[in-house]
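So this one's work-v7.txt, compact mmCIF, C-alpha atoms and all ligand atoms:
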```
# COMPACT_ATOMS: atom_id res chain seq x y z
CA MET A 27 -34.24 -5.58 8.70
CA THR A 28 -32.31 -3.82 5.97
CA ARG A 29 -29.14 -2.00 6.87
CA THR A 30 -26.88 0.26 4.88
CA VAL A 31 -23.24 -0.74 5.08
CA PRO A 32 -20.80 1.47 3.17
CA LEU A 33 -17.51 0.16 1.83
CA LEU A 34 -15.66 2.67 3.99
CA ASP A 35 -16.86 5.21 6.56
CA LEU A 36 -14.28 7.96 7.01
CA LYS A 37 -16.74 10.10 8.99
CA ALA A 38 -16.89 7.37 11.64
CA GLN A 39 -13.10 7.37 11.77
CA PHE A 40 -12.92 11.15 12.03
CA ALA A 41 -15.33 11.10 14.96
CA THR A 42 -12.77 9.05 16.93
CA ILE A 43 -9.84 11.43 16.30
CA ARG A 44 -11.58 14.76 15.84
CA GLU A 45 -9.75 16.68 18.60
CA GLU A 46 -6.24 15.51 17.64
CA VAL A 47 -6.76 16.25 13.96
CA LEU A 48 -8.33 19.66 14.49
CA ALA A 49 -5.50 20.66 16.85
CA ALA A 50 -2.90 19.50 14.33
CA VAL A 51 -4.52 21.44 11.50
CA THR A 52 -4.85 24.55 13.63
CA GLY A 53 -1.16 24.30 14.54
CA VAL A 54 -0.12 24.37 10.90
CA LEU A 55 -2.42 27.28 10.10
CA GLU A 56 -1.03 29.26 13.02
CA SER A 57 2.56 28.52 11.99
CA GLN A 58 1.91 29.14 8.27
CA VAL A 59 4.75 26.73 7.47
CA CYS A 60 2.72 25.03 4.77
CA ILE A 61 5.23 23.31 2.48
CA ASN A 62 7.89 20.90 3.79
CA GLY A 63 9.10 22.02 7.25
CA PRO A 64 9.40 20.26 10.63
CA LEU A 65 6.14 18.27 10.49
CA VAL A 66 7.00 16.78 7.11
CA GLU A 67 10.43 15.86 8.48
CA GLU A 68 8.90 14.33 11.60
CA LEU A 69 6.56 12.23 9.49
CA GLU A 70 9.47 11.15 7.28
CA ARG A 71 11.40 9.96 10.33
CA ALA A 72 8.36 8.22 11.82
CA ILE A 73 7.38 6.31 8.65
CA ALA A 74 11.01 5.38 7.92
CA ALA A 75 11.47 4.04 11.47
CA ARG A 76 8.26 2.01 11.31
CA SER A 77 9.42 0.54 7.99
CA GLY A 78 12.86 -0.40 9.27
CA CYS A 79 14.49 2.15 6.94
CA ARG A 80 16.95 4.98 7.44
CA PHE A 81 15.29 7.60 5.24
CA GLY A 82 11.85 8.85 4.31
CA VAL A 83 10.84 11.28 1.57
CA GLY A 84 7.40 12.83 1.89
CA VAL A 85 5.78 13.33 -1.49
CA SER A 86 2.52 14.55 -3.00
CA SER A 87 0.92 11.12 -3.56
CA GLY A 88 1.59 7.42 -3.87
CA THR A 89 1.69 7.93 -7.62
CA ASP A 90 4.40 10.57 -7.29
CA ALA A 91 6.30 8.35 -4.85
CA LEU A 92 6.61 5.77 -7.64
CA LEU A 93 7.46 8.35 -10.29
CA ASP A 94 10.03 10.16 -8.14
CA THR A 95 11.68 6.81 -7.32
CA LEU A 96 11.91 5.66 -10.93
CA MET A 97 13.26 9.07 -12.01
CA ALA A 98 15.83 9.08 -9.19
CA LEU A 99 16.97 5.58 -10.21
CA GLY A 100 17.39 6.72 -13.80
CA VAL A 101 14.83 4.20 -15.00
CA GLY A 102 13.61 5.88 -18.17
CA ALA A 103 13.78 5.64 -21.96
CA GLY A 104 15.05 2.29 -23.19
CA CYS A 105 14.44 0.57 -19.84
CA GLU A 106 11.94 -2.13 -18.98
CA VAL A 107 10.28 -2.56 -15.61
CA ILE A 108 8.63 -5.84 -14.64
CA THR A 109 5.37 -5.52 -12.74
CA THR A 110 1.93 -7.01 -12.21
CA PRO A 111 -1.05 -6.33 -14.48
CA PHE A 112 -3.44 -6.67 -11.53
CA THR A 113 -3.06 -3.43 -9.60
CA PHE A 114 -4.21 0.17 -9.52
CA PHE A 115 -3.38 2.07 -12.69
CA ALA A 116 -0.67 4.25 -11.11
CA THR A 117 1.79 1.35 -10.87
CA ALA A 118 2.18 1.04 -14.62
CA GLY A 119 1.21 4.63 -15.38
CA CYS A 120 4.37 5.76 -13.57
CA ILE A 121 6.56 3.36 -15.52
CA HIS A 122 5.19 4.88 -18.72
CA ARG A 123 5.55 8.44 -17.44
CA ALA A 124 9.16 7.80 -16.44
CA GLY A 125 9.70 6.91 -20.12
CA ALA A 126 10.22 3.19 -19.53
CA ARG A 127 8.26 0.19 -20.77
CA ALA A 128 6.05 -1.90 -18.50
CA VAL A 129 6.47 -5.68 -18.83
CA PHE A 130 3.61 -7.52 -17.15
CA VAL A 131 3.98 -10.86 -15.41
CA ASP A 132 0.88 -12.84 -14.41
CA ILE A 133 -0.29 -13.19 -10.82
CA GLU A 134 -0.70 -16.14 -8.46
CA PRO A 135 -4.41 -16.98 -8.64
CA ASP A 136 -4.84 -17.43 -4.88
CA THR A 137 -3.00 -14.35 -3.55
CA TYR A 138 -3.45 -12.05 -6.60
CA LEU A 139 0.22 -11.06 -6.20
CA ILE A 140 2.86 -11.16 -8.94
CA ASP A 141 4.03 -14.76 -9.45
CA PRO A 142 7.80 -14.78 -8.78
CA SER A 143 8.25 -18.05 -10.68
CA ARG A 144 7.31 -16.23 -13.90
CA ILE A 145 9.56 -13.19 -13.47
CA GLU A 146 12.85 -14.56 -14.74
CA ALA A 147 11.40 -15.47 -18.15
CA ALA A 148 10.41 -11.82 -18.62
CA ILE A 149 13.89 -10.40 -18.00
CA THR A 150 15.76 -8.96 -21.01
CA GLU A 151 18.96 -6.94 -21.31
CA ARG A 152 16.80 -3.80 -20.98
CA THR A 153 15.21 -4.79 -17.66
CA ARG A 154 16.28 -2.43 -14.89
CA ALA A 155 13.76 -2.95 -12.10
CA ILE A 156 11.09 -5.20 -10.63
CA LEU A 157 8.07 -3.35 -9.24
CA PRO A 158 6.09 -5.74 -7.01
CA VAL A 159 2.75 -4.53 -5.65
CA HIS A 160 1.72 -5.68 -2.18
CA LEU A 161 -1.91 -5.84 -3.24
CA TYR A 162 -4.83 -5.55 -0.80
CA GLY A 163 -2.35 -5.35 2.09
CA GLN A 164 -0.34 -8.56 1.65
CA PRO A 165 3.42 -8.41 1.00
CA CYS A 166 4.72 -10.23 -2.08
CA ASP A 167 7.29 -13.01 -1.81
CA MET A 168 10.21 -10.65 -1.32
CA ASP A 169 12.74 -13.46 -0.73
CA ALA A 170 12.08 -14.88 -4.18
CA ILE A 171 11.87 -11.47 -5.86
CA GLY A 172 14.98 -10.26 -4.07
CA ALA A 173 16.95 -13.35 -5.14
CA ILE A 174 16.01 -12.77 -8.80
CA ALA A 175 16.90 -9.09 -8.55
CA ARG A 176 20.29 -9.92 -7.04
CA ARG A 177 21.07 -12.51 -9.73
CA HIS A 178 20.29 -10.03 -12.50
CA GLY A 179 21.41 -6.77 -10.89
CA LEU A 180 17.94 -5.19 -10.84
CA PHE A 181 16.38 -2.58 -8.59
CA VAL A 182 13.36 -3.59 -6.51
CA VAL A 183 10.78 -0.83 -6.04
CA GLU A 184 7.93 -1.86 -3.75
CA ASP A 185 4.46 -0.46 -4.39
CA ALA A 186 3.21 -0.62 -0.80
CA ALA A 187 0.38 1.87 -1.32
CA GLN A 188 -2.08 -0.62 0.20
CA SER A 189 0.17 -2.26 2.75
CA ILE A 190 1.69 0.12 5.26
CA GLY A 191 2.43 -1.86 8.41
CA ALA A 192 2.12 -5.27 6.73
CA THR A 193 4.90 -7.75 7.45
CA ARG A 194 6.38 -10.88 5.96
CA GLY A 195 8.56 -13.03 8.19
CA GLY A 196 8.33 -10.24 10.74
CA VAL A 197 9.83 -7.69 8.30
CA PRO A 198 7.68 -4.66 7.43
CA CYS A 199 7.20 -3.40 3.88
CA GLY A 200 10.20 -1.22 3.12
CA GLY A 201 12.49 -3.21 5.39
CA PHE A 202 13.21 -6.16 3.10
CA ALA A 203 16.93 -6.65 2.51
CA GLU A 204 16.66 -6.57 -1.28
CA SER A 205 14.31 -3.59 -1.52
CA THR A 206 15.77 -0.50 -3.19
CA ALA A 207 12.89 1.75 -2.16
CA CYS A 208 9.32 1.37 -0.98
CA CYS A 209 6.40 3.65 -1.88
CA PHE A 210 3.39 4.37 0.34
CA SER A 211 0.17 6.25 -0.42
CA PHE A 212 -1.83 8.34 2.02
CA PHE A 213 -4.88 8.56 -0.24
CA PRO A 214 -7.86 8.81 2.14
CA SER A 215 -8.99 5.22 1.58
CA LYS A 216 -5.60 3.70 2.47
CA ASN A 217 -4.98 2.38 6.00
CA LEU A 218 -3.26 5.64 6.90
CA GLY A 219 -5.19 8.28 4.97
CA ALA A 220 -4.55 12.00 4.71
CA ALA A 221 -7.20 14.69 4.30
CA GLY A 222 -6.32 14.74 0.60
CA ASP A 223 -3.36 13.39 -1.34
CA GLY A 224 0.00 12.40 0.09
CA GLY A 225 2.70 9.76 -0.16
CA MET A 226 6.05 8.63 1.20
CA ILE A 227 9.13 6.83 -0.08
CA VAL A 228 11.41 4.97 2.31
CA THR A 229 14.91 3.70 1.52
CA ASN A 230 18.23 2.78 3.13
CA ASP A 231 20.23 4.28 0.25
CA ALA A 232 21.56 7.72 1.26
CA ALA A 233 22.48 8.81 -2.28
CA LEU A 234 19.11 7.72 -3.64
CA HIS A 235 17.38 9.57 -0.82
CA ASP A 236 19.24 12.77 -1.70
CA ARG A 237 18.32 12.43 -5.36
CA MET A 238 14.65 11.75 -4.63
CA LYS A 239 14.54 14.88 -2.49
CA LEU A 240 16.22 16.91 -5.21
CA LEU A 241 13.78 15.74 -7.87
CA ARG A 242 10.85 16.36 -5.52
CA ASN A 243 11.78 20.02 -5.60
CA HIS A 244 12.32 20.69 -9.33
CA GLY A 245 15.87 19.39 -9.14
CA ALA A 246 17.01 22.50 -7.27
CA HIS A 247 19.92 21.94 -4.87
CA GLU A 248 19.53 25.59 -3.95
CA LYS A 249 16.56 27.82 -4.69
CA TYR A 250 16.53 28.78 -8.41
CA PHE A 251 19.62 26.69 -9.24
CA HIS A 252 18.62 23.50 -11.03
CA ASP A 253 20.96 20.56 -11.58
CA GLU A 254 18.31 18.65 -13.47
CA VAL A 255 14.62 18.66 -14.26
CA GLY A 256 12.46 17.30 -11.47
CA ALA A 257 8.91 18.23 -10.57
CA ASN A 258 6.79 19.44 -7.67
CA PHE A 259 6.35 16.23 -5.70
CA ARG A 260 6.21 17.95 -2.28
CA LEU A 261 4.02 16.96 0.66
CA ASP A 262 1.89 19.65 2.32
CA ALA A 263 2.55 20.32 6.01
CA LEU A 264 -1.22 20.16 6.60
CA GLN A 265 -1.26 16.59 5.37
CA ALA A 266 1.81 15.70 7.44
CA ALA A 267 0.10 17.14 10.54
CA VAL A 268 -3.07 15.13 9.93
CA LEU A 269 -1.04 11.97 9.30
CA LEU A 270 1.04 12.43 12.45
CA ALA A 271 -2.15 12.87 14.44
CA LYS A 272 -3.56 9.63 13.00
CA LEU A 273 -0.37 7.57 13.08
CA PRO A 274 -0.68 6.41 16.74
CA LYS A 275 -3.98 4.71 15.77
CA LEU A 276 -2.70 2.93 12.68
CA ASP A 277 -1.73 -0.39 14.29
CA GLU A 278 -5.04 -0.62 16.12
CA TRP A 279 -6.98 0.15 12.93
CA SER A 280 -5.07 -2.49 10.97
CA ARG A 281 -5.58 -5.00 13.78
CA ARG A 282 -9.33 -4.43 13.62
CA ARG A 283 -9.28 -4.86 9.86
CA ARG A 284 -7.58 -8.24 10.39
CA GLU A 285 -10.18 -9.23 12.99
CA ASN A 286 -12.97 -8.34 10.58
CA ALA A 287 -11.23 -10.34 7.85
CA ALA A 288 -10.85 -13.33 10.19
CA TYR A 289 -14.57 -13.21 10.92
CA TYR A 290 -15.43 -13.24 7.20
CA ASP A 291 -12.89 -16.03 6.60
CA SER A 292 -14.62 -18.22 9.15
CA ARG A 293 -18.05 -17.50 7.67
CA PHE A 294 -16.98 -18.17 4.06
CA GLN A 295 -14.93 -21.32 4.70
CA GLY A 296 -16.24 -24.22 2.66
CA THR A 297 -18.71 -22.11 0.64
CA ALA A 298 -18.69 -20.83 -2.94
CA VAL A 299 -17.27 -17.55 -1.64
CA VAL A 300 -13.49 -17.88 -1.71
CA PRO A 301 -11.66 -15.81 0.88
CA PRO A 302 -8.24 -14.35 0.11
CA THR A 303 -5.19 -16.54 0.75
CA ILE A 304 -2.68 -15.05 3.15
CA ARG A 305 0.68 -16.85 2.97
CA ASP A 306 2.33 -18.33 6.07
CA GLY A 307 4.43 -15.72 7.79
CA CYS A 308 2.49 -12.80 6.26
CA VAL A 309 0.53 -10.31 8.30
CA SER A 310 -1.72 -8.41 5.91
CA ALA A 311 -2.72 -4.80 6.44
CA VAL A 312 -6.10 -5.80 4.91
CA ASN A 313 -6.57 -2.54 3.06
CA GLN A 314 -9.18 -4.51 1.12
CA TYR A 315 -10.96 -7.77 1.87
CA VAL A 316 -11.48 -9.33 -1.53
CA VAL A 317 -13.37 -12.54 -2.22
CA ARG A 318 -13.78 -14.52 -5.41
CA VAL A 319 -17.40 -15.30 -6.23
CA PRO A 320 -19.18 -16.96 -9.13
CA ASN A 321 -21.44 -14.51 -11.03
CA ARG A 322 -19.61 -11.62 -9.41
CA ASP A 323 -21.58 -8.82 -11.09
CA GLY A 324 -24.89 -10.42 -10.13
CA VAL A 325 -23.74 -10.77 -6.52
CA LYS A 326 -22.63 -7.15 -6.44
CA ALA A 327 -26.06 -5.98 -7.65
CA LYS A 328 -27.91 -8.20 -5.18
CA LEU A 329 -25.73 -6.94 -2.33
CA ALA A 330 -26.50 -3.35 -3.33
CA ALA A 331 -30.23 -4.16 -3.14
CA ARG A 332 -29.63 -5.29 0.46
CA GLY A 333 -27.79 -2.09 1.27
CA VAL A 334 -24.28 -3.59 1.21
CA ALA A 335 -21.69 -1.65 -0.74
CA SER A 336 -18.95 -3.55 -2.57
CA GLU A 337 -16.33 -2.63 -5.15
CA ILE A 338 -14.29 -4.23 -7.90
CA TYR A 339 -10.52 -3.82 -7.57
CA TYR A 340 -9.84 -4.04 -10.51
CA PRO A 341 -12.28 -4.66 -13.36
CA ARG A 342 -9.74 -4.45 -16.20
CA PRO A 343 -6.13 -5.63 -15.87
CA LEU A 344 -3.55 -3.10 -16.96
CA HIS A 345 -2.24 -5.10 -19.93
CA LEU A 346 -5.69 -4.71 -21.52
CA GLN A 347 -6.07 -0.95 -20.93
CA ARG A 348 -6.47 1.05 -24.12
CA CYS A 349 -3.58 3.36 -23.25
CA PHE A 350 -1.26 0.34 -23.13
CA GLU A 351 -2.34 -1.12 -26.48
CA TYR A 352 1.10 -0.20 -27.80
CA LEU A 353 2.61 -2.82 -25.49
CA GLY A 354 0.99 -5.47 -27.68
CA TYR A 355 -0.90 -7.62 -25.16
CA ARG A 356 -4.13 -9.38 -26.14
CA GLU A 357 -7.25 -10.66 -24.41
CA GLY A 358 -6.32 -14.08 -23.00
CA ASP A 359 -2.72 -13.10 -22.19
CA LEU A 360 -1.94 -13.28 -18.47
CA PRO A 361 -5.07 -15.38 -17.82
CA HIS A 362 -4.94 -15.36 -14.01
CA ALA A 363 -5.14 -11.57 -13.98
CA GLY A 364 -7.97 -11.69 -16.53
CA ARG A 365 -9.94 -14.17 -14.44
CA ALA A 366 -9.38 -12.21 -11.23
CA ALA A 367 -10.73 -9.09 -12.91
CA ARG A 368 -13.96 -10.99 -13.65
CA GLU A 369 -14.37 -12.68 -10.27
CA VAL A 370 -13.12 -10.51 -7.39
CA LEU A 371 -15.29 -8.42 -5.11
CA ALA A 372 -14.15 -6.19 -2.22
CA LEU A 373 -16.37 -6.15 0.88
CA PRO A 374 -16.59 -3.61 3.72
CA VAL A 375 -13.77 -4.35 6.19
CA PHE A 376 -13.01 -0.93 7.71
CA PRO A 377 -12.08 -0.79 11.41
CA GLU A 378 -15.23 0.97 12.64
CA LEU A 379 -17.61 -1.69 11.28
CA ALA A 380 -19.99 -2.77 14.04
CA PRO A 381 -20.24 -6.53 14.75
CA GLN A 382 -23.89 -6.50 13.61
CA ASP A 383 -22.80 -4.94 10.30
CA LEU A 384 -20.14 -7.60 9.80
CA GLU A 385 -22.66 -10.33 10.44
CA TYR A 386 -25.17 -8.65 8.14
CA VAL A 387 -22.62 -8.42 5.31
CA ALA A 388 -21.52 -12.05 5.73
CA ASP A 389 -25.15 -13.26 5.74
CA ALA A 390 -25.93 -11.14 2.69
CA VAL A 391 -22.90 -12.35 0.74
CA LEU A 392 -23.72 -15.99 1.47
CA ALA A 393 -27.37 -15.48 0.51
CA CYS A 394 -26.51 -13.61 -2.70
CA ALA A 395 -23.77 -16.01 -3.81
CA GLY A 396 -25.81 -19.13 -2.98
C1 LIG B 401 -3.49 4.01 -4.20
C2 LIG B 401 -2.48 3.30 -5.01
C3 LIG B 401 -1.47 3.98 -5.72
C4 LIG B 401 -1.45 5.46 -5.91
O1 LIG B 401 -1.51 6.21 -4.77
P1 LIG B 401 -2.13 7.71 -4.83
O2 LIG B 401 -1.75 8.26 -3.50
O3 LIG B 401 -3.59 7.58 -5.02
O4 LIG B 401 -1.46 8.42 -5.94
C5 LIG B 401 -0.50 3.23 -6.35
N1 LIG B 401 -0.52 1.89 -6.32
C6 LIG B 401 -1.47 1.20 -5.67
C7 LIG B 401 -1.41 -0.29 -5.65
C8 LIG B 401 -2.50 1.88 -5.01
O5 LIG B 401 -3.45 1.19 -4.39
```
Spit out the file's structure as structure tokens when you get a sec.
Amino acid sequence: MTRTVPLLDLKAQFATIREEVLAAVTGVLESQVCINGPLVEELERAIAARSGCRFGVGVSSGTDALLDTLMALGVGAGCEVITTPFTFFATAGCIHRAGARAVFVDIEPDTYLIDPSRIEAAITERTRAILPVHLYGQPCDMDAIGAIARRHGLFVVEDAAQSIGATRGGVPCGGFAESTACCFSFFPSKNLGAAGDGGMIVTNDAALHDRMKLLRNHGAHEKYFHDEVGANFRLDALQAAVLLAKLPKLDEWSRRRRENAAYYDSRFQGTAVVPPTIRDGCVSAVNQYVVRVPNRDGVKAKLAARGVASEIYYPRPLHLQRCFEYLGYREGDLPHAGRAAREVLALPVFPELAPQDLEYVADAVLACAG
């Protein structure tokens, strides 16, 4: 029997939280407090507390969380920021937009995360920050990255867009001792998704928090009085209301993602389909379940013919994007990222997947990769 299994089914999720979300949206419409306001502040407190941080700053997207953070840190023209080439575009796009230069360091082939042992060689006198990305839901080695940052006096800005709720050594993203600030995305496909765009920055630094809030609102300390040039990075109250309504479910959703991942892991063990490596002490948020397969594009097409959706995160590493040609990287540089871009495939892992769908996907992947 042929089934159709989507990569993500947000309608199925909505069906489980329909009443709460509709009530939350109605509340905002009745109040007509649409920008900032008490719901945004409540969400800021809730996300900060969950992340083990003192402060939260609600912003318009994960992208703007990164940009607001870099601007608030004064990381701009003449500065270099070390990051991974194997991530969503926004990570490096924000470094460029802040006016700084992205310096890419290759990934670990088994976790797809930035390789801390290669970071120090990339540091120059212009380096101001390290921007690790907790890709697919797994936290990077923050002990190693934090130690390097401390030795060289660098900021650490976490891109946790895919990893809200993930922990390493029991510490959640945002709560690591050496983290300057941590950026989350509420894009609908993230573990905690808004009904549109949204993001959040968490930090323990009070002065940085003030500055991020200032820049979020065109640099105005008081309406129409501007200390500096910021932007409109504000979070809508409607999005905050939807997110607050969904937040109580987040841990359960992430737990189910991990259960689904564990099922796939057991099915793929010892086959040509290589499951993701999760390091000891890490609890992944499993925003994506990504395997490495030979003949990836062929497998993807065969899966589609069997009704199984899959996706490639990401088909071209950032150091080889046309817009970053000026950085001077070439095909063959950062080979682990290049190989990952050719071999990875994300499979459906969303919390509402039925057991029969999981089994169907695993069978199909094994048949198509065999
Ligand atoms: C989604 C994502 C972003 C950007 O978040 P938006 O809310 O879509 O702007 C940044 N970095 C990573 C790794 C992401 O996955």
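Taking CA of Leu93 (chain A) and CA of Cys120 (chain A) as the two end points, the separation is 5.2 Å.
When all atoms listed in the file are used to measure the gap to Lys239 (chain A), the shortest distance among A:Gly224, A:Pro198, A:Pro158, A:Gly256 belongs to A:Gly256.
Of the listed residues A:Glu106, A:Asp223, A:Glu337, A:Asp167, the one whose atoms come nearest to ligand LIG 401 (chain B) is A:Asp223, with distances taken using all atoms listed in the file.
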Exercise for review: Name the residues in contact with Val197 (chain A) at a cut-off of 12 Å, using all atoms listed in the file, excluding same-chain residues fewer than 2 positions from it; report them as number ranges by chain.
Suggested key: A: 76-79, 165-169, 190-195, 199-205, 307-310
Exercise for review: For CA of His244 (chain A) and CA of Leu69 (chain A), quote the distance in Å rounded to one decimal.
Suggested key: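 So the answer is 21.4 Å.
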**Study point:** Selection near Gly104 (chain A), 10 Å with only C-alpha atoms, sequence-local residues under 4 positions removed, as a count of residues only
**Key:** 6
Check your understanding: Within 9 Å of Gly53 (chain A), counting only C-alpha atoms, which residues qualify if same-chain residues fewer than 5 places away don't, as a PyMOL selection string?
Key -> chain A and resi 48+58+264+267
Practice item. Give the residues close to ligand LIG 401 (chain B), within 6 Å, counting only C-alpha atoms and all ligand atoms; write them as an NGL selection string. Key: :A and (87-89 or 113-114 or 116-117 or 159 or 185 or 187-188 or 211-213 or 223-225)
Check your understanding: With only C-alpha atoms as the basis for distance, which of A:Arg332, A:His247, A:Arg318, A:Arg282 is at the shortest distance from Ala380 (chain A)?
Key -> A:Arg282
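Candidate residues A:Tyr290, A:Tyr162, A:Phe210, A:Tyr355 were compared for distance to Gly84 (chain A), and the nearest is A:Phe210, using all atoms listed in the file.
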Check your understanding: Hey, what's within 9 Å of Val334 (chain A) if we count all atoms listed in the file and toss same-chain stuff fewer than 4 positions away? As an MDAnalysis selection string, please?
Key -> chainID A and resid 29:33 326 328:330 373:374 386:387 390:391
Exercise for review: Choose the residue, out of A:Val66, A:Ala207, A:Ala128, A:Val268, that has the smallest atom-to-atom separation from Arg44 (chain A); count only C-alpha atoms.
Suggested key: A:Val268
Check your understanding: When distances are computed from all atoms listed in the file, which of A:Leu261, A:Ile338, A:Val317, A:Leu34 shows the smallest separation from Val59 (chain A)?
Key -> A:Leu261
Once N, CA, C and O atoms are restored for region 284-301 of chain A, what would the output be as a compact mmCIF listing (two decimals), keeping the file's coordinate frame?
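Output below, filename part-v2.txt:
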```
# COMPACT_ATOMS: atom_id res chain seq x y z
N ARG A 284 -7.91 -6.81 10.41
CA ARG A 284 -7.58 -8.24 10.39
C ARG A 284 -8.63 -9.05 11.14
O ARG A 284 -8.98 -10.16 10.73
N GLU A 285 -9.13 -8.52 12.25
CA GLU A 285 -10.18 -9.23 12.99
C GLU A 285 -11.44 -9.37 12.14
O GLU A 285 -12.06 -10.43 12.11
N ASN A 286 -11.79 -8.28 11.46
CA ASN A 286 -12.97 -8.34 10.58
C ASN A 286 -12.76 -9.37 9.48
O ASN A 286 -13.67 -10.14 9.15
N ALA A 287 -11.54 -9.37 8.91
CA ALA A 287 -11.23 -10.34 7.85
C ALA A 287 -11.32 -11.77 8.39
O ALA A 287 -11.85 -12.66 7.72
N ALA A 288 -10.82 -11.98 9.60
CA ALA A 288 -10.85 -13.33 10.19
C ALA A 288 -12.30 -13.79 10.39
O ALA A 288 -12.62 -14.96 10.18
N TYR A 289 -13.16 -12.87 10.78
CA TYR A 289 -14.57 -13.21 10.92
C TYR A 289 -15.16 -13.67 9.58
O TYR A 289 -15.80 -14.73 9.48
N TYR A 290 -14.93 -12.85 8.53
CA TYR A 290 -15.43 -13.24 7.20
C TYR A 290 -14.85 -14.59 6.79
O TYR A 290 -15.56 -15.45 6.27
N ASP A 291 -13.54 -14.76 6.98
CA ASP A 291 -12.89 -16.03 6.60
C ASP A 291 -13.64 -17.21 7.20
O ASP A 291 -13.92 -18.20 6.52
N SER A 292 -13.97 -17.08 8.48
CA SER A 292 -14.62 -18.22 9.15
C SER A 292 -16.02 -18.44 8.59
O SER A 292 -16.46 -19.58 8.45
N ARG A 293 -16.70 -17.35 8.22
CA ARG A 293 -18.05 -17.50 7.67
C ARG A 293 -18.04 -18.08 6.25
O ARG A 293 -18.98 -18.75 5.85
N PHE A 294 -16.99 -17.77 5.48
CA PHE A 294 -16.98 -18.17 4.06
C PHE A 294 -16.30 -19.52 3.82
O PHE A 294 -16.37 -20.07 2.73
N GLN A 295 -15.64 -20.05 4.85
CA GLN A 295 -14.93 -21.32 4.70
C GLN A 295 -15.88 -22.39 4.20
O GLN A 295 -16.99 -22.55 4.74
N GLY A 296 -15.45 -23.10 3.16
CA GLY A 296 -16.24 -24.22 2.66
C GLY A 296 -17.47 -23.82 1.86
O GLY A 296 -18.34 -24.66 1.61
N THR A 297 -17.58 -22.56 1.46
CA THR A 297 -18.71 -22.11 0.64
C THR A 297 -18.20 -21.74 -0.76
O THR A 297 -17.00 -21.87 -1.03
N ALA A 298 -19.10 -21.24 -1.60
CA ALA A 298 -18.69 -20.83 -2.94
C ALA A 298 -17.95 -19.50 -2.93
O ALA A 298 -17.41 -19.06 -3.94
N VAL A 299 -17.95 -18.85 -1.78
CA VAL A 299 -17.27 -17.55 -1.64
C VAL A 299 -15.84 -17.83 -1.17
O VAL A 299 -15.64 -18.35 -0.07
N VAL A 300 -14.87 -17.51 -2.02
CA VAL A 300 -13.49 -17.88 -1.71
C VAL A 300 -12.75 -16.72 -1.07
O VAL A 300 -12.54 -15.68 -1.70
N PRO A 301 -12.39 -16.90 0.21
CA PRO A 301 -11.66 -15.81 0.88
C PRO A 301 -10.24 -15.67 0.35
O PRO A 301 -9.73 -16.59 -0.29
```
